[in-house]
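Worksheet: one structure, shown below.
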Amino acid sequence: RRNIYLLAQDLQLSVRSTHTHESHRKIITLFNSWKLKIYYIPIGETVGREMDRVREVGRKGRNLPKSDKLPRHRNLVDEDGADDKEAKKSVKFGESPSQPLSDYDPLENIPEEYRNHGVDTEPMLHYIRERNEDEDLERLLEAAQRDVRLHQARIKAAAANDTSLLAEYDFTKDPHFIARQDRQRIRMDDIKSLTSEANKIICELDEDKKNLTHTERTQVKLARWQRALELYVYCPSSISMDLLGLLEKLLDGTSEEEELSEVLSQAYHMCSTLVDSTQQAVRDATDDAAMAEDAYMIRLEAHRMFANNALRRSDEIQSQFRTNGRAALQIGHQLEFAELKRAQCESAAILIRHWWTMEQLAESEDISGEELKVNEEVRGIIPPQSCRMDPLFTVPERSLEASKALKQLRAVVKSRGNAATAAAAASGGWSDPNSGRRFDLTAKLIRRTSKALEERLLNRFAQVYSAGGSYDFSDKPRSGSINWGHLRELAQALLMFDSGRLLHQTYVEMVITSRFPELFSAKKKKEQRRSLSSNPDGEGTEDSDEEMDFDMDATRSELSSLFHRVSDVCTAEFELIAHVFGQTGGNEEMTLTVSRALLQRVISDQNNGLQSRISDLLQSIDRRGDFDAGAKKLDTFVVIHEKAAGLFHLLRDAAEKMIIHSHTLKSKDAISDYESTLKSVTALKQFLTSQEIALSSGHRKGYLNLELRLLHHNCCATLQDIGCVFDRPKARNQDLSLADKGILEEYRAPVLPINSKYLMTCDILLGPLKSSVLRQPLIFATDSLARARLMFGDGKKGGDATARVITSIFNQMCNFYGPAYLYPIVQALGEKLNIAAPNNPPQLPFDENEAAPELGVPAQFWVALEYIHTNAKSFDRELWAENRPGSGRVWEILHTTGEHSCMAQARKYRLQFFAELESRGEAAIHRALQTLSEHIRWILVAGGESMFATGGNRFFSGGTNGPYAIPTGSSLETPNSPAVKSLTFCLRSQFVNIQAALTPTSLSAFWSALSMRLYDIFVPRLIQHYTITQVGAVILSRDVEALRSVSMLAGTNHAHWDNLREAVTLYMTPPGALKSMLVGPEGDVNSGKGLFKRVGRYQSLVFMSRRSDFRARTNQGPKKATWVIELLNELGVPDPTDTQINMGMFAAERKT
């Protein structure tokens, strides 16, 4: 068989359904003559491709050698060329039978595959292939069950080589199958018993029977351990220990070798028995799984045949449905078209009958010359038995039918002048010459009848609505409710007349006059007030002003109540409109038309609408013209906007309730009505939104300009009330292009800085920097922010409009607090400081029991800076308030609106304000530093050199060598020189004020700079003009320590004082020890030790040159002492004092 397939592969032979019958038969005959089988290859697959697939499947099949693999197939063809359906008989899943179909008997022959492979053979179907796919599932499953039995019988017959088993074998009576089932049942019972006794088995492992002999205890222990081992094998989830733990339990208490060997031997036999039992269970499970798999595959084939049959039948049904459905659909269309034509014919017949009736009445009226009393008959004045007109038009119960008939008759009258009617008349359609006259008479009567019927319906509608009652729209309304059902019938009839135009006007007028009397009463009060104001006598001016104030407050109260009245009435009327006008046979746009007409009359009416009332109120406020009136106008703006926002919100909710939820019904008309109503309500909500924008947008621009103007006025008035004088603002060019376009330019507040001359003469702390004055503008600004939020909305609702308004308010406040308020004050504080020190030297030492001198910088300067710094932080905290949710300040409002551009602009304003304020503050502090430096120089130089360092009263003259040239043997009256003592006293007093005014960082920087300036004043004077003796060196050391101590009150950079303290030791050391002090004990200049390393070589030698014994007096003048020359020679360094001293080497900022 394998060779034949290789041959077919080489020839690329493919048997397809498109081959001719003759060639097909020749191939079959050839292969059958060799006693070989033919395999039908599916269409589109070659033999080689099929062979590759067969080999690949074979390698994944059961565990058989490659040479025993059988090729897979799908259909079998017998030697007579039977068709595919017959060839499917006795087909094995993927393999072929061993005999041709002509002499094959499944109960007499055992296929070769079963002889070769035994239980590994895949099932071969026979009985199920004899069934037709059209049979029901029960018969197919019955045949499948027979194939299951046949498959098992073939396996047994092949194993026993007994063909009689093919017909007699029943696997349910097989002893092996029965024994396997019994073993499985016993095994399940054992597992169930082990599971229920798991805890008991584990506990018994640890029990010890003391009343038993050693042998009996061993046997009991082995029996219990065997149960535990079975529990471990069969129910591993019921035991927590592993096999090693079980073994430890077994050997626990066993010490002798013979006993241990016996226990392990018996445990070995237990494990072997358990392994055999487990192996048997695995074999049983394998056999059961193989049987179940084979049975499942056979039954699956039965289900496949049934599913294919069901699919084929469903395809046939679907094809029939498509064929017959088109014909049924065409018949349905034809029936609908015929019904439509029949309805049109009936309608035309009724219309002709009505026309003839009206034509007869018109002719009789013309012939008799007596005018027909149409109004009297239609309105019911004439009794029905005396009426000449058709009862259709005189009976009120048939009003809707009469309205529809008159609408059709009017359409006929209007069609007289169209092209179709003219063509019919021209072709002789009107043969009667009097037809035109009769047509005109009839048209005139139709118009009279229509007008009379419309008036009757309008009068009846007004009567029912005027009767009033509660609005109850339930199926069974309570007594006293408005008859809205009758109103709806009248509205349906009136909509036939010019789409209900007169009905809409009448309804709106009735609602305005009956529901809103406040609108007309306000107009009357306005006229009365005008008549009183135009009194020619001119008396009672004060009384009229008080009355105007009273009237304005009363009008605001009335306006607030009017908003509530409009909300309540419109909410109720919207519901009435939805039930009366919204159910008129699919004419749902009527609800939108009537609602819009009502809202336009209530809101936009030029004489009595809400907008007119609001304009009157604002005009009455504007006539006052003062700032108090402006504040009231601002409040009125907010009240109007808040009430209007609430009103339109309620109106939109009322519009939502107008939707009749007809979508709960299943009819198409109900769904269509619901969709139409939904569109109308959506359009009405859009109209309400446009009305709200129109009402509020006109006031928003005026509000913003008034808000900014009053905010600027209030802030400036706060300063003006305490006597501040302002400079004139800079001229600003107006944008005339906006004025030409009629656009109101946004108000930009002028910058009015406080006059500098006024600041130089006034007490700043009790004037502009007073705490109440500092906080008042912030209160005004927070009020403005709150009003802006109410006026323009908050969060995403406000959007760009709110963000721009808040940004404008914040920008104006930055301009006021900066250029107009704080900047001039800070500048004036610096200019008030007098940098120059007094010309006369101070009287030292200062009395420490009295207040210390201010050194040119009064305490008020630092207090003012503290106030300004506190106010700046308060401005940022109270107005900007970053990352403070719920504060309602600038940052939160801009953050919630989501307008990043406005947020960036506001941050820019804030940064500019603080940057400029910081810059001006630094300039003032720098001027204070210069002032302190000059007064320090005044005390140290002018005051210190005018006295001895010991406190003696002697002015310093050019012939002396400074305050530290104290002769040997002089007494030391004070620990410090008077100048240093007085200076430290003043600096410590100043430090308290500075510390309170500056932040820790600013204080550190300022005091470090002051320390350096103090050093740069003291050291150059020391090395240029002073001579220090050994006694004076003691005072100098104490002075350096005092200055270093006061310098280290704040700041971190004070290393220069440490260097000076080291250099002072040069004046206390004998000449012989100077070398080791300068370069270290080794005496090496390059050793990197001594003062040369810490202070510097150049600086050390210059400091040493100020010793009193550095130069000796001779007849030729002062010359260097001998020890100096020897020391310099030993060190090998020149004397820097031989040339001009470089004072830059002694600066405090220089790093050694």
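Going through the structure tokens in order, the chains are called A, B, and so on, while each chain numbers its residues from 1 and the ligands are numbered from 1 in the order shown.
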
Extract the full set of helix (DSSP H, G or I) residues from region 740-926 of chain A according to DSSP on the backbone, and format it as a ChimeraX atom specification.
/A:740,756-761,771-792,795-797,799-832,859-880,890-897,900-926

Could you name the residues that touch Tyr127 (chain A) at 12 Å or less, counting only C-alpha atoms, but leaving out those on the same chain fewer than 5 positions away, as a VMD selection string?
chain A and resid 88 to 92 105 to 107 132 139 to 151 298 to 299 301 to 302

Could you save those same residues with N, CA, C and O atoms as a compact mmCIF listing (two decimals), in the first residue's frame?
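Contents of the output file out.txt:
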# COMPACT_ATOMS: atom_id res chain seq x y z
N LYS A 88 -19.16 5.94 1.66
CA LYS A 88 -18.95 6.30 3.06
C LYS A 88 -19.23 5.14 4.00
O LYS A 88 -19.03 5.25 5.20
N LYS A 89 -19.76 4.03 3.47
CA LYS A 89 -20.06 2.89 4.31
C LYS A 89 -18.78 2.23 4.80
O LYS A 89 -17.84 2.07 4.04
N SER A 90 -18.79 1.80 6.06
CA SER A 90 -17.68 1.10 6.68
C SER A 90 -16.38 1.89 6.57
O SER A 90 -15.37 1.37 6.14
N VAL A 91 -16.46 3.15 6.90
CA VAL A 91 -15.27 4.01 6.87
C VAL A 91 -14.71 4.13 8.27
O VAL A 91 -15.43 4.40 9.21
N LYS A 92 -13.44 3.93 8.38
CA LYS A 92 -12.75 4.13 9.66
C LYS A 92 -12.29 5.57 9.74
O LYS A 92 -12.01 6.20 8.73
N ASP A 105 -18.56 -8.21 5.01
CA ASP A 105 -19.63 -8.45 5.98
C ASP A 105 -19.05 -8.17 7.37
O ASP A 105 -18.11 -8.84 7.81
N PRO A 106 -19.57 -7.15 8.09
CA PRO A 106 -18.96 -6.76 9.36
C PRO A 106 -19.09 -7.82 10.44
O PRO A 106 -18.29 -7.83 11.38
N LEU A 107 -20.08 -8.76 10.33
CA LEU A 107 -20.27 -9.79 11.36
C LEU A 107 -19.55 -11.09 11.03
O LEU A 107 -19.61 -12.04 11.82
N ASN A 132 -29.39 7.14 6.55
CA ASN A 132 -29.48 8.34 5.73
C ASN A 132 -29.40 9.57 6.64
O ASN A 132 -29.90 9.55 7.77
N ARG A 139 -32.49 7.69 15.72
CA ARG A 139 -32.05 6.54 14.92
C ARG A 139 -30.55 6.59 14.66
O ARG A 139 -29.88 5.56 14.64
N LEU A 140 -30.03 7.79 14.45
CA LEU A 140 -28.59 7.90 14.23
C LEU A 140 -27.81 7.49 15.48
O LEU A 140 -26.78 6.80 15.38
N LEU A 141 -28.28 7.87 16.65
CA LEU A 141 -27.59 7.48 17.88
C LEU A 141 -27.72 5.98 18.14
O LEU A 141 -26.81 5.36 18.69
N GLU A 142 -28.86 5.39 17.72
CA GLU A 142 -29.02 3.94 17.85
C GLU A 142 -28.00 3.21 17.00
O GLU A 142 -27.36 2.23 17.43
N ALA A 143 -27.82 3.68 15.73
CA ALA A 143 -26.81 3.07 14.86
C ALA A 143 -25.41 3.28 15.42
O ALA A 143 -24.54 2.40 15.33
N ALA A 144 -25.17 4.49 16.01
CA ALA A 144 -23.86 4.76 16.60
C ALA A 144 -23.58 3.81 17.75
O ALA A 144 -22.44 3.34 17.92
N GLN A 145 -24.60 3.50 18.54
CA GLN A 145 -24.42 2.57 19.66
C GLN A 145 -24.07 1.17 19.15
O GLN A 145 -23.26 0.46 19.74
N ARG A 146 -24.69 0.78 18.02
CA ARG A 146 -24.36 -0.53 17.44
C ARG A 146 -22.92 -0.53 16.94
O ARG A 146 -22.22 -1.54 17.05
N ASP A 147 -22.46 0.59 16.37
CA ASP A 147 -21.06 0.67 15.94
C ASP A 147 -20.11 0.63 17.14
O ASP A 147 -19.00 0.08 17.04
N VAL A 148 -20.53 1.18 18.27
CA VAL A 148 -19.69 1.10 19.47
C VAL A 148 -19.53 -0.36 19.89
O VAL A 148 -18.43 -0.82 20.21
N ARG A 149 -20.63 -1.11 19.90
CA ARG A 149 -20.56 -2.52 20.26
C ARG A 149 -19.73 -3.29 19.27
O ARG A 149 -18.91 -4.15 19.62
N LEU A 150 -19.92 -2.99 17.94
CA LEU A 150 -19.16 -3.68 16.90
C LEU A 150 -17.66 -3.41 17.05
O LEU A 150 -16.84 -4.33 16.86
N HIS A 151 -17.29 -2.19 17.38
CA HIS A 151 -15.88 -1.85 17.55
C HIS A 151 -15.25 -2.65 18.71
O HIS A 151 -14.16 -3.22 18.55
N ILE A 298 -17.62 7.97 17.80
CA ILE A 298 -18.68 7.39 16.98
C ILE A 298 -19.97 8.21 17.12
O ILE A 298 -20.64 8.53 16.13
N ARG A 299 -20.32 8.54 18.36
CA ARG A 299 -21.54 9.34 18.56
C ARG A 299 -21.38 10.74 17.96
O ARG A 299 -22.36 11.34 17.49
N GLU A 301 -19.88 11.44 15.25
CA GLU A 301 -20.18 11.31 13.82
C GLU A 301 -21.68 11.33 13.59
O GLU A 301 -22.16 11.93 12.61
N ALA A 302 -22.43 10.70 14.50
CA ALA A 302 -23.89 10.74 14.36
C ALA A 302 -24.42 12.17 14.50
O ALA A 302 -25.29 12.60 13.74

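Proximity ranking of A:Glu316, A:Pro853, A:Thr357, A:Leu165 relative to Asn109 (chain A) places A:Leu165 first, based on only C-alpha atoms.
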
If you run DSSP on the backbone, which residues of region 913-1133 of chain A are strand (DSSP E), as a PyMOL selection string?
chain A and resi 1111-1114+1117-1120

The selected residues should be written to file as a short mmCIF file (atom, residue, chain, number, x, y, z; two decimals), in the first residue's frame (atoms: N, CA and C atoms).
data_model
loop_
_atom_site.label_atom_id
_atom_site.label_comp_id
_atom_site.auth_asym_id
_atom_site.auth_seq_id
_atom_site.Cartn_x
_atom_site.Cartn_y
_atom_site.Cartn_z
N ARG A 1111 59.97 99.24 63.41
CA ARG A 1111 60.92 100.25 62.96
C ARG A 1111 61.50 100.96 64.20
N ALA A 1112 62.73 101.28 64.05
CA ALA A 1112 63.44 101.98 65.15
C ALA A 1112 63.81 103.38 64.70
N ARG A 1113 63.82 104.31 65.66
CA ARG A 1113 64.16 105.69 65.34
C ARG A 1113 65.68 105.88 65.33
N THR A 1114 66.16 106.49 64.32
CA THR A 1114 67.59 106.81 64.18
C THR A 1114 67.73 108.26 63.78
N GLY A 1117 66.31 108.89 60.57
CA GLY A 1117 64.88 108.66 60.46
C GLY A 1117 64.56 107.22 60.86
N PRO A 1118 63.29 106.85 60.80
CA PRO A 1118 62.91 105.48 61.20
C PRO A 1118 63.41 104.46 60.18
N LYS A 1119 64.02 103.41 60.72
CA LYS A 1119 64.51 102.30 59.89
C LYS A 1119 64.03 100.99 60.51
N LYS A 1120 64.10 99.95 59.68
CA LYS A 1120 63.67 98.63 60.13
C LYS A 1120 64.59 98.15 61.24
#

Pairwise distance, CA of Thr1137 (chain A) with CA of Ser933 (chain A), equals 27.9 Å

So that I can see what lies close to Tyr114 (chain A), please list as a ChimeraX atom specification the residues with an atom at most 10 Å from it, counting only C-alpha atoms and leaving out residues fewer than 3 positions away in the same chain.
/A:98,110-111,117-124,151,154-159

Kindly save the residues from that selection, with N, CA and C atoms included, as a JSON list (two decimals), in the first residue's frame.
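Contents of out.json, freshly written:
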[["chain", "number", "residue", "atom", "x", "y", "z"],
["A", 98, "SER", "N", -10.08, -3.25, 5.18],
["A", 98, "SER", "CA", -9.10, -4.17, 4.61],
["A", 98, "SER", "C", -9.65, -4.97, 3.44],
["A", 110, "ILE", "N", -13.09, -9.95, 10.15],
["A", 110, "ILE", "CA", -12.35, -9.08, 11.07],
["A", 110, "ILE", "C", -11.37, -8.26, 10.23],
["A", 111, "PRO", "N", -11.50, -6.91, 10.25],
["A", 111, "PRO", "CA", -10.57, -6.10, 9.46],
["A", 111, "PRO", "C", -9.13, -6.31, 9.89],
["A", 117, "HIS", "N", -3.33, -4.01, 15.01],
["A", 117, "HIS", "CA", -3.16, -2.98, 16.04],
["A", 117, "HIS", "C", -3.96, -3.23, 17.29],
["A", 118, "GLY", "N", -4.96, -4.06, 17.23],
["A", 118, "GLY", "CA", -5.71, -4.40, 18.43],
["A", 118, "GLY", "C", -6.46, -3.22, 19.01],
["A", 119, "VAL", "N", -6.25, -2.97, 20.28],
["A", 119, "VAL", "CA", -6.97, -1.91, 20.97],
["A", 119, "VAL", "C", -6.59, -0.52, 20.48],
["A", 120, "ASP", "N", -5.47, -0.39, 19.79],
["A", 120, "ASP", "CA", -5.04, 0.91, 19.28],
["A", 120, "ASP", "C", -5.73, 1.28, 17.98],
["A", 121, "THR", "N", -6.56, 0.39, 17.46],
["A", 121, "THR", "CA", -7.22, 0.67, 16.19],
["A", 121, "THR", "C", -8.31, 1.71, 16.40],
["A", 122, "GLU", "N", -8.37, 2.68, 15.48],
["A", 122, "GLU", "CA", -9.42, 3.69, 15.56],
["A", 122, "GLU", "C", -10.73, 3.09, 15.07],
["A", 123, "PRO", "N", -11.89, 3.55, 15.58],
["A", 123, "PRO", "CA", -13.18, 2.96, 15.22],
["A", 123, "PRO", "C", -13.46, 3.05, 13.72],
["A", 124, "MET", "N", -14.07, 1.96, 13.20],
["A", 124, "MET", "CA", -14.50, 1.91, 11.80],
["A", 124, "MET", "C", -16.03, 1.83, 11.79],
["A", 151, "HIS", "N", -17.29, -2.19, 17.38],
["A", 151, "HIS", "CA", -15.88, -1.85, 17.55],
["A", 151, "HIS", "C", -15.25, -2.65, 18.71],
["A", 154, "ARG", "N", -14.96, -6.31, 17.59],
["A", 154, "ARG", "CA", -13.82, -6.53, 16.68],
["A", 154, "ARG", "C", -12.51, -6.62, 17.45],
["A", 155, "ILE", "N", -12.36, -5.75, 18.47],
["A", 155, "ILE", "CA", -11.12, -5.80, 19.26],
["A", 155, "ILE", "C", -10.99, -7.14, 19.96],
["A", 156, "LYS", "N", -12.08, -7.64, 20.57],
["A", 156, "LYS", "CA", -12.04, -8.92, 21.26],
["A", 156, "LYS", "C", -11.87, -10.08, 20.27],
["A", 157, "ALA", "N", -12.59, -10.01, 19.12],
["A", 157, "ALA", "CA", -12.49, -11.09, 18.13],
["A", 157, "ALA", "C", -11.09, -11.17, 17.56],
["A", 158, "ALA", "N", -10.49, -10.01, 17.30],
["A", 158, "ALA", "CA", -9.12, -10.01, 16.77],
["A", 158, "ALA", "C", -8.15, -10.57, 17.80],
["A", 159, "ALA", "N", -8.36, -10.26, 19.07],
["A", 159, "ALA", "CA", -7.45, -10.76, 20.10],
["A", 159, "ALA", "C", -7.60, -12.27, 20.28]]

So, counting only C-alpha atoms, which residue among A:Phe1018, A:Leu765, A:Leu940, A:Asn1059 is closest to Gln843 (chain A)?
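Counting only C-alpha atoms, the residue closest to Gln843 (chain A) is A:Leu940.
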
State, in Å with one decimal place, the distance from CA of Leu650 (chain A) to CA of Cys570 (chain A).
9.1 Å

Rounded to one decimal in Å, what is the spacing between CA of Gly1090 (chain A) and CA of Met1077 (chain A)?
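CA of Met1077 (chain A) lies 5.5 Å from CA of Gly1090 (chain A).
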
Excluding region 488-501 of chain A and its own-chain neighbours fewer than 2 positions away, which residues fall within 8 Å of it when counting only C-alpha atoms? Please give them as a list in words.
Ser399, Leu400, Glu401, Ser403, Lys404, Lys407, Ser450, Glu454, Leu457, Leu458, Arg460, Phe461, Trp484, Gly485, His486, Leu503, His504, Gln505, His579, Val580, Phe581, Gln583 and Thr584 of chain A
